[in-house]
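Colleague: Handing you this structure, nothing more for now.
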Amino acid sequence: MRKLCLLVAITALIFGSASALASKEGILRLGSFELTSDGIGESGPVTISGRQGDKGISKLAITAFGKRFELDEAQLAQVQGLPVNGLQLSYEGGYKDLGGRTLYIVFLKGFTSGAVGQRFLIVTEDGAIKVADKLR
């Protein structure tokens, strides 16, 4: 019995210390960024540029639909709080009476295993900008 307890204790020490030495993946947040797309359909070219500091996105400008949009302080505050290390862009043709063409920007926090946080920025051609944690 004593040998069995000793064997269990030694095994726990070996496997416990091996996991303590395991590498840990960390977030490399974007400091500054600029993404461009030729667009699809009638979206036209799209450019997203910005800066990110310790509090999150501190400056963000979007060029789309032949217009330039910049987030104001209140909109930036809604985007902050998520250390962003990835972005995703998509487009919807939309109906004119519902705001028209729409650009979706997804700010992502993720690892090789997948996204662990996201925030959506919705920009319509009529100039409406909305920040959301979920779509619909």
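Each chain of the structure tokens is named A, B, ... in the order shown, its residues numbered from 1; ligands are numbered from 1 in display order.
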Write out as a short mmCIF file (atom, residue, chain, number, x, y, z; two decimals) with N, CA and C atoms, in the first residue's frame all residues of segment 22-116 of chain A that DSSP puts in strand (DSSP E or B) for this structure's backbone.

Modeller:
data_model
loop_
_atom_site.label_atom_id
_atom_site.label_comp_id
_atom_site.auth_asym_id
_atom_site.auth_seq_id
_atom_site.Cartn_x
_atom_site.Cartn_y
_atom_site.Cartn_z
N SER A 32 -1.31 49.45 -34.93
CA SER A 32 -1.93 50.24 -35.98
C SER A 32 -2.23 49.29 -37.13
N PHE A 33 -3.22 49.63 -37.92
CA PHE A 33 -3.63 48.72 -38.99
C PHE A 33 -4.27 49.49 -40.13
N GLU A 34 -4.19 48.90 -41.33
CA GLU A 34 -4.90 49.40 -42.49
C GLU A 34 -5.20 48.20 -43.37
N LEU A 35 -6.46 48.00 -43.64
CA LEU A 35 -6.91 46.92 -44.52
C LEU A 35 -7.60 47.54 -45.71
N THR A 36 -7.38 46.98 -46.87
CA THR A 36 -8.05 47.46 -48.06
C THR A 36 -8.67 46.29 -48.79
N SER A 37 -9.79 46.57 -49.44
CA SER A 37 -10.47 45.58 -50.26
C SER A 37 -10.94 46.26 -51.53
N VAL A 46 -13.01 49.45 -50.24
CA VAL A 46 -13.18 49.66 -48.80
C VAL A 46 -11.80 49.73 -48.15
N THR A 47 -11.61 50.71 -47.27
CA THR A 47 -10.38 50.82 -46.49
C THR A 47 -10.75 51.03 -45.03
N ILE A 48 -10.12 50.27 -44.17
CA ILE A 48 -10.30 50.40 -42.72
C ILE A 48 -8.93 50.71 -42.14
N SER A 49 -8.80 51.80 -41.40
CA SER A 49 -7.51 52.11 -40.79
C SER A 49 -7.74 52.59 -39.36
N GLY A 50 -6.78 52.28 -38.51
CA GLY A 50 -6.93 52.70 -37.12
C GLY A 50 -5.71 52.46 -36.28
N ARG A 51 -5.86 52.83 -35.02
CA ARG A 51 -4.83 52.65 -34.00
C ARG A 51 -5.46 52.03 -32.77
N GLN A 52 -4.64 51.32 -32.03
CA GLN A 52 -5.12 50.69 -30.80
C GLN A 52 -4.08 50.92 -29.71
N GLY A 53 -4.55 51.34 -28.55
CA GLY A 53 -3.69 51.52 -27.38
C GLY A 53 -4.06 50.54 -26.29
N GLY A 56 -7.79 49.92 -25.96
CA GLY A 56 -8.47 49.39 -27.13
C GLY A 56 -8.35 50.34 -28.30
N ILE A 57 -9.26 50.23 -29.25
CA ILE A 57 -9.21 51.05 -30.46
C ILE A 57 -9.33 52.52 -30.07
N SER A 58 -8.35 53.33 -30.50
CA SER A 58 -8.35 54.75 -30.14
C SER A 58 -8.61 55.65 -31.35
N LYS A 59 -8.53 55.11 -32.54
CA LYS A 59 -8.81 55.87 -33.76
C LYS A 59 -9.25 54.87 -34.82
N LEU A 60 -10.33 55.21 -35.53
CA LEU A 60 -10.83 54.32 -36.57
C LEU A 60 -11.48 55.13 -37.68
N ALA A 61 -11.03 54.90 -38.90
CA ALA A 61 -11.59 55.56 -40.08
C ALA A 61 -11.94 54.49 -41.10
N ILE A 62 -13.08 54.69 -41.75
CA ILE A 62 -13.58 53.77 -42.75
C ILE A 62 -13.87 54.55 -44.03
N THR A 63 -13.35 54.06 -45.14
CA THR A 63 -13.70 54.63 -46.43
C THR A 63 -14.48 53.55 -47.17
N ALA A 64 -15.72 53.87 -47.50
CA ALA A 64 -16.60 52.91 -48.19
C ALA A 64 -17.71 53.69 -48.86
N LYS A 67 -17.42 57.35 -49.52
CA LYS A 67 -17.47 58.30 -48.40
C LYS A 67 -16.43 57.91 -47.35
N ARG A 68 -16.12 58.85 -46.48
CA ARG A 68 -15.22 58.58 -45.36
C ARG A 68 -15.98 58.75 -44.05
N PHE A 69 -15.84 57.79 -43.17
CA PHE A 69 -16.49 57.80 -41.86
C PHE A 69 -15.40 57.69 -40.79
N GLU A 70 -15.50 58.51 -39.74
CA GLU A 70 -14.60 58.40 -38.60
C GLU A 70 -15.43 58.24 -37.34
N GLY A 86 -7.47 40.72 -34.61
CA GLY A 86 -7.96 40.28 -35.91
C GLY A 86 -9.17 41.10 -36.35
N LEU A 87 -9.35 41.19 -37.66
CA LEU A 87 -10.49 41.90 -38.24
C LEU A 87 -11.09 41.07 -39.37
N GLN A 88 -12.38 41.21 -39.54
CA GLN A 88 -13.08 40.53 -40.62
C GLN A 88 -14.01 41.53 -41.30
N LEU A 89 -14.08 41.52 -42.62
CA LEU A 89 -14.94 42.43 -43.38
C LEU A 89 -15.95 41.65 -44.19
N SER A 90 -17.17 42.16 -44.24
CA SER A 90 -18.18 41.60 -45.14
C SER A 90 -19.14 42.72 -45.56
N TYR A 91 -19.94 42.43 -46.57
CA TYR A 91 -20.76 43.45 -47.23
C TYR A 91 -22.13 42.88 -47.56
N GLU A 92 -23.15 43.75 -47.47
CA GLU A 92 -24.51 43.39 -47.85
C GLU A 92 -25.07 44.49 -48.73
N THR A 102 -24.45 48.03 -46.80
CA THR A 102 -23.97 47.91 -45.42
C THR A 102 -22.64 47.19 -45.37
N LEU A 103 -21.72 47.73 -44.58
CA LEU A 103 -20.42 47.13 -44.34
C LEU A 103 -20.40 46.61 -42.91
N TYR A 104 -19.95 45.38 -42.75
CA TYR A 104 -19.81 44.78 -41.41
C TYR A 104 -18.33 44.59 -41.12
N ILE A 105 -17.89 45.11 -39.99
CA ILE A 105 -16.52 44.93 -39.55
C ILE A 105 -16.59 44.19 -38.22
N VAL A 106 -15.88 43.07 -38.14
CA VAL A 106 -15.86 42.31 -36.90
C VAL A 106 -14.47 42.44 -36.30
N PHE A 107 -14.40 43.00 -35.09
CA PHE A 107 -13.15 43.08 -34.35
C PHE A 107 -13.05 41.81 -33.53
N LEU A 108 -11.92 41.13 -33.64
CA LEU A 108 -11.77 39.82 -33.01
C LEU A 108 -10.62 39.79 -32.01
N LYS A 109 -10.83 39.05 -30.94
CA LYS A 109 -9.78 38.67 -30.01
C LYS A 109 -9.74 37.15 -30.09
N GLY A 110 -8.59 36.61 -30.48
CA GLY A 110 -8.57 35.16 -30.65
C GLY A 110 -7.20 34.54 -30.53
N PHE A 111 -7.23 33.24 -30.52
CA PHE A 111 -6.04 32.41 -30.43
C PHE A 111 -6.09 31.40 -31.56
N GLY A 114 -9.30 29.58 -31.84
CA GLY A 114 -10.52 30.28 -32.27
C GLY A 114 -10.71 31.60 -31.56
N ALA A 115 -11.77 32.29 -31.93
CA ALA A 115 -12.10 33.59 -31.35
C ALA A 115 -12.67 33.41 -29.95
N VAL A 116 -12.24 34.29 -29.03
CA VAL A 116 -12.76 34.26 -27.66
C VAL A 116 -13.51 35.55 -27.32
#

Colleague: Out of segment 4-94 of chain A, which residues get helix (DSSP H, G or I) from DSSP, as number ranges by chain?

Modeller: A: 4-20, 73-79

Colleague: Using only C-alpha atoms, determine which residues lie at most 9 Å from Leu135 of chain A, disregarding the query and same-chain residues fewer than 2 positions distant; provide the list as a compact mmCIF listing (two decimals) with N, CA, C and O atoms, in the first residue's frame.

Modeller:
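Written output follows (part-v3.txt):
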# COMPACT_ATOMS: atom_id res chain seq x y z
N PHE A 120 -18.96 43.91 -33.15
CA PHE A 120 -19.38 44.21 -34.51
C PHE A 120 -19.53 45.71 -34.71
O PHE A 120 -20.06 46.40 -33.85
N ALA A 132 -22.10 46.70 -31.83
CA ALA A 132 -22.90 45.69 -31.16
C ALA A 132 -22.03 44.50 -30.74
O ALA A 132 -21.02 44.22 -31.39
N ASP A 133 -22.44 43.83 -29.67
CA ASP A 133 -21.75 42.61 -29.25
C ASP A 133 -22.26 41.40 -30.02
O ASP A 133 -21.58 40.38 -30.10

Colleague: Which residue is closest to Lys130 of chain A? Choose from A:Gly94, A:Asp72, A:Leu82, A:Met1 and count only C-alpha atoms.

Modeller: A:Asp72

Colleague: Give the answer as one residue: which of A:Gln118, A:Thr112, A:Ser23, A:Gln75 has the shortest atom-to-atom distance to Lys134 of chain A, using only C-alpha atoms?

Modeller: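 For Lys134 of chain A, the nearest of the given residues is A:Gln118.
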
Colleague: Identify, on the basis of only C-alpha atoms, every residue whose closest approach to Arg29 of chain A does not exceed 6 Å; exclude the query and any residue fewer than 2 positions from it along the same chain; express the result as a PyMOL selection string.

Modeller: chain A and resi 27+83-85

Colleague: Next, write the just-selected residues to a file, as a short mmCIF file (atom, residue, chain, number, x, y, z; two decimals), in the first residue's frame, keeping N, CA, C and O atoms as the atom set.

Modeller:
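Once everything was written out, this is again.cif:
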data_model
loop_
_atom_site.label_atom_id
_atom_site.label_comp_id
_atom_site.auth_asym_id
_atom_site.auth_seq_id
_atom_site.Cartn_x
_atom_site.Cartn_y
_atom_site.Cartn_z
N ILE A 27 -1.99 37.16 -26.61
CA ILE A 27 -2.57 38.04 -27.61
C ILE A 27 -1.50 39.04 -28.08
O ILE A 27 -0.88 39.70 -27.27
N PRO A 83 -9.07 43.64 -26.56
CA PRO A 83 -7.78 43.73 -27.24
C PRO A 83 -7.86 43.02 -28.60
O PRO A 83 -7.94 41.80 -28.67
N VAL A 84 -7.89 43.79 -29.65
CA VAL A 84 -8.15 43.26 -30.99
C VAL A 84 -6.86 42.76 -31.64
O VAL A 84 -5.87 43.49 -31.70
N ASN A 85 -6.90 41.52 -32.11
CA ASN A 85 -5.77 40.99 -32.87
C ASN A 85 -6.22 40.41 -34.21
O ASN A 85 -5.48 39.72 -34.89
#

Colleague: With a distance cut-off of 12 Å and only C-alpha atoms, select the neighbouring residues of Leu98 of chain A, excluding the residue or stretch itself and same-chain residues fewer than 6 positions from it, and output the selection as a ChimeraX atom specification.

Modeller: /A:92,124-128

Colleague: Could you write those residues out with N, CA and C atoms, as a tab-separated table (two decimals), in the first residue's frame?

Modeller:
chain	number	residue	atom	x	y	z
A	92	GLU	N	-23.15	43.75	-47.47
A	92	GLU	CA	-24.51	43.39	-47.85
A	92	GLU	C	-25.07	44.49	-48.73
A	124	THR	N	-23.63	51.84	-42.53
A	124	THR	CA	-24.50	51.88	-43.72
A	124	THR	C	-24.11	53.06	-44.59
A	125	GLU	N	-24.47	52.99	-45.86
A	125	GLU	CA	-24.07	54.05	-46.79
A	125	GLU	C	-24.70	55.39	-46.45
A	126	ASP	N	-25.80	55.40	-45.69
A	126	ASP	CA	-26.40	56.68	-45.30
A	126	ASP	C	-25.70	57.30	-44.09
A	127	GLY	N	-24.63	56.64	-43.59
A	127	GLY	CA	-23.82	57.22	-42.52
A	127	GLY	C	-24.09	56.71	-41.13
A	128	ALA	N	-25.06	55.82	-40.97
A	128	ALA	CA	-25.35	55.27	-39.65
A	128	ALA	C	-24.23	54.30	-39.24

Colleague: Atom CA of Ser43 of chain A and atom CA of Phe65 of chain A are how many Å apart?

Modeller: 6.1 Å
